[in-house]
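Participant: For reference, this is query_20.pdb, and it has PDB, C-alpha atoms, pLDDT in the B column.
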ATOM      1  CA  MET A  22      17.778 -12.787   1.591  1.00 47.00           C
ATOM      2  CA  SER A  23      16.232 -11.909   4.939  1.00 53.00           C
ATOM      3  CA  ASN A  24      13.435  -9.433   5.342  1.00 68.00           C
ATOM      4  CA  PHE A  25      13.576  -7.154   8.326  1.00 69.00           C
ATOM      5  CA  ILE A  26      10.610  -5.298   9.719  1.00 72.00           C
ATOM      6  CA  GLU A  27      11.644  -1.947  11.090  1.00 80.00           C
ATOM      7  CA  THR A  28       9.764  -0.251  13.901  1.00 90.00           C
ATOM      8  CA  ILE A  29      10.787   3.127  15.222  1.00 95.00           C
ATOM      9  CA  ARG A  30      10.065   3.633  18.910  1.00 96.00           C
ATOM     10  CA  LEU A  31       9.699   7.208  20.148  1.00 98.00           C
ATOM     11  CA  THR A  32      10.610   8.590  23.544  1.00 97.00           C
ATOM     12  CA  ALA A  33       9.583  11.994  24.883  1.00 97.00           C
ATOM     13  CA  THR A  34      11.155  13.860  27.776  1.00 97.00           C
ATOM     14  CA  VAL A  35       9.915  17.146  29.250  1.00 97.00           C
ATOM     15  CA  VAL A  36      12.709  19.704  29.604  1.00 97.00           C
ATOM     16  CA  THR A  37      12.858  23.333  30.698  1.00 96.00           C
ATOM     17  CA  ASP A  38      16.312  24.096  29.302  1.00 94.00           C
ATOM     18  CA  PRO A  39      16.418  22.912  25.666  1.00 94.00           C
ATOM     19  CA  ASP A  40      19.819  22.631  24.003  1.00 91.00           C
ATOM     20  CA  PHE A  41      19.366  24.191  20.599  1.00 89.00           C
ATOM     21  CA  GLY A  42      23.071  23.808  19.831  1.00 88.00           C
ATOM     22  CA  GLY A  43      22.708  20.259  18.498  1.00 85.00           C
ATOM     23  CA  PHE A  44      20.266  18.524  16.219  1.00 90.00           C
ATOM     24  CA  ASN A  45      17.377  17.720  18.535  1.00 95.00           C
ATOM     25  CA  PHE A  46      13.642  17.674  17.924  1.00 97.00           C
ATOM     26  CA  TYR A  47      11.659  19.778  20.388  1.00 97.00           C
ATOM     27  CA  VAL A  48       7.959  20.535  20.687  1.00 97.00           C
ATOM     28  CA  GLU A  49       7.192  23.859  22.354  1.00 96.00           C
ATOM     29  CA  ALA A  50       4.359  24.235  24.869  1.00 96.00           C
ATOM     30  CA  GLY A  51       1.184  25.082  22.956  1.00 96.00           C
ATOM     31  CA  GLN A  52       2.334  23.230  19.832  1.00 96.00           C
ATOM     32  CA  MET A  53       1.374  19.760  18.647  1.00 96.00           C
ATOM     33  CA  PHE A  54       3.771  16.942  17.797  1.00 98.00           C
ATOM     34  CA  ASP A  55       3.704  16.303  14.046  1.00 97.00           C
ATOM     35  CA  ALA A  56       4.918  12.796  13.224  1.00 97.00           C
ATOM     36  CA  ASP A  57       5.379  13.696   9.544  1.00 97.00           C
ATOM     37  CA  ASP A  58       7.695  16.580  10.460  1.00 97.00           C
ATOM     38  CA  TYR A  59       9.642  14.315  12.796  1.00 97.00           C
ATOM     39  CA  ALA A  60      10.065  11.634  10.137  1.00 97.00           C
ATOM     40  CA  ASP A  61      11.169  14.257   7.598  1.00 97.00           C
ATOM     41  CA  ALA A  62      13.693  15.762  10.027  1.00 96.00           C
ATOM     42  CA  TYR A  63      15.420  12.404  10.512  1.00 95.00           C
ATOM     43  CA  ASN A  64      14.811  10.998   7.008  1.00 95.00           C
ATOM     44  CA  LEU A  65      12.630   8.190   8.384  1.00 94.00           C
ATOM     45  CA  ASN A  66       9.670   6.384   6.880  1.00 93.00           C
ATOM     46  CA  ARG A  67       6.665   7.902   8.681  1.00 94.00           C
ATOM     47  CA  TYR A  68       4.850   4.569   8.616  1.00 93.00           C
ATOM     48  CA  ASP A  69       7.655   2.875  10.571  1.00 94.00           C
ATOM     49  CA  LEU A  70       6.918   5.097  13.595  1.00 96.00           C
ATOM     50  CA  ASP A  71       5.097   3.086  16.248  1.00 95.00           C
ATOM     51  CA  PRO A  72       1.508   4.432  16.195  1.00 96.00           C
ATOM     52  CA  GLN A  73       1.055   4.019  19.944  1.00 97.00           C
ATOM     53  CA  ASP A  74       4.268   5.988  20.558  1.00 97.00           C
ATOM     54  CA  VAL A  75       3.098   8.753  18.198  1.00 97.00           C
ATOM     55  CA  HIS A  76      -0.139   9.021  20.182  1.00 98.00           C
ATOM     56  CA  SER A  77       1.754   9.060  23.493  1.00 98.00           C
ATOM     57  CA  VAL A  78       4.058  11.852  22.286  1.00 98.00           C
ATOM     58  CA  GLN A  79       1.058  13.853  21.035  1.00 98.00           C
ATOM     59  CA  ASP A  80      -0.597  13.447  24.453  1.00 97.00           C
ATOM     60  CA  ALA A  81       2.592  14.515  26.218  1.00 97.00           C
ATOM     61  CA  ALA A  82       2.902  17.594  23.981  1.00 97.00           C
ATOM     62  CA  SER A  83      -0.672  18.626  24.734  1.00 97.00           C
ATOM     63  CA  GLY A  84       0.095  18.516  28.464  1.00 96.00           C
ATOM     64  CA  LEU A  85       3.078  20.875  28.392  1.00 97.00           C
ATOM     65  CA  ASN A  86       2.991  24.032  30.497  1.00 97.00           C
ATOM     66  CA  GLY A  87       4.565  27.373  29.626  1.00 95.00           C
ATOM     67  CA  GLY A  88       8.357  27.203  29.718  1.00 96.00           C
ATOM     68  CA  GLN A  89       8.402  23.476  28.997  1.00 97.00           C
ATOM     69  CA  TRP A  90       9.595  21.727  25.864  1.00 98.00           C
ATOM     70  CA  LEU A  91       9.222  18.110  24.814  1.00 98.00           C
ATOM     71  CA  LEU A  92      12.444  16.506  23.598  1.00 98.00           C
ATOM     72  CA  VAL A  93      11.542  13.675  21.197  1.00 98.00           C
ATOM     73  CA  THR A  94      14.056  10.941  20.369  1.00 97.00           C
ATOM     74  CA  HIS A  95      13.824   7.563  18.675  1.00 97.00           C
ATOM     75  CA  GLU A  96      15.290   4.084  18.541  1.00 95.00           C
ATOM     76  CA  VAL A  97      15.127   1.782  15.511  1.00 91.00           C
ATOM     77  CA  ILE A  98      14.048  -1.784  16.295  1.00 89.00           C
ATOM     78  CA  GLU A  99      14.548  -4.420  13.607  1.00 83.00           C
ATOM     79  CA  ALA A 100      12.911  -7.845  13.659  1.00 75.00           C
ATOM     80  CA  GLU A 101      12.717 -10.686  11.178  1.00 66.00           C
TER      81      GLU A 101
END
Give the structure from this file in structure tokens form.
Facilitator:
Amino acid sequence: MSNFIETIRLTATVVTDPDFGGFNFYVEAGQMFDADDYADAYNLNRYDLDPQDVHSVQDAASGLNGGQWLLVTHEVIEAE
């Protein structure tokens, strides 16, 4: 039986025209990125989120200007 370590890498992109028609996770200007909310939204283990990525997304969210949104996505990386 092999044991895999799962790390979830986050990516954040600033957008001005969010598409609310699909299932996307956006942070509005003036709001903070909440990693627990993100993990809950995608049924992920919060502790698998890369801590450095979480910090980077929080920094990006704090730098948003009015009319901007932060689109947050993720990729699951598995390693033995």
Participant: Give me the result of the PyMOL selection byres ((chain A and resi 32) around 12) on this file, residue by residue, as a short mmCIF file (atom, residue, chain, number, x, y, z; two decimals) with C-alpha atoms, in the coordinates of the input.
Facilitator:
data_model
loop_
_atom_site.label_atom_id
_atom_site.label_comp_id
_atom_site.auth_asym_id
_atom_site.auth_seq_id
_atom_site.Cartn_x
_atom_site.Cartn_y
_atom_site.Cartn_z
CA ILE A 29 10.79 3.13 15.22
CA ARG A 30 10.06 3.63 18.91
CA LEU A 31 9.70 7.21 20.15
CA ALA A 33 9.58 11.99 24.88
CA THR A 34 11.16 13.86 27.78
CA VAL A 35 9.91 17.15 29.25
CA PHE A 46 13.64 17.67 17.92
CA TYR A 47 11.66 19.78 20.39
CA LEU A 70 6.92 5.10 13.60
CA ASP A 71 5.10 3.09 16.25
CA GLN A 73 1.06 4.02 19.94
CA ASP A 74 4.27 5.99 20.56
CA VAL A 75 3.10 8.75 18.20
CA HIS A 76 -0.14 9.02 20.18
CA SER A 77 1.75 9.06 23.49
CA VAL A 78 4.06 11.85 22.29
CA GLN A 79 1.06 13.85 21.04
CA ALA A 81 2.59 14.52 26.22
CA ALA A 82 2.90 17.59 23.98
CA LEU A 91 9.22 18.11 24.81
CA LEU A 92 12.44 16.51 23.60
CA VAL A 93 11.54 13.68 21.20
CA THR A 94 14.06 10.94 20.37
CA HIS A 95 13.82 7.56 18.68
CA GLU A 96 15.29 4.08 18.54
CA VAL A 97 15.13 1.78 15.51
#
Participant: To verify the selection step, state as a ChimeraX atom specification which residues the PyMOL selection byres ((chain A and resi 39) around 9) yields on this input.
Facilitator: /A:36-38,40-42,45,47,89-92
Participant: Distance atom CA of Glu49 of chain A-atom CA of Tyr63 of chain A, one decimal place?
Facilitator: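 If I compute the distance from atom CA of Glu49 of chain A to atom CA of Tyr63 of chain A, I get 18.4 Å.
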Participant: Using only C-alpha atoms, can you tell me which of A:Pro72, A:Asn64, A:Ile26, A:Ser83 comes closest to Gly51 of chain A?
Facilitator: A:Ser83
Participant: Could you tell me how far atom CA of Asp61 of chain A sits from atom CA of Leu85 of chain A, in Å to one decimal place?
Facilitator: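 A separation of 23.3 Å between them.
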Participant: In Å, how far is it from atom CA of Tyr68 of chain A to atom CA of Val48 of chain A?
Facilitator: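 Between atom CA of Tyr68 of chain A and atom CA of Val48 of chain A the gap is 20.3 Å.
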Participant: Identify which of the residues A:Asp55, A:Asp69, A:Asp80, A:Gly88 lies closest to Thr28 of chain A, counting all atoms listed in the file when measuring atom-to-atom distances.
Facilitator: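 Ranked by minimum distance to Thr28 of chain A, first place goes to A:Asp69.
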Participant: In terms of the shortest atom-to-atom distance over only C-alpha atoms, which of A:Ile98, A:Asn86, A:Gln52, A:Glu27 is closest to Arg67 of chain A?
Facilitator: A:Glu27
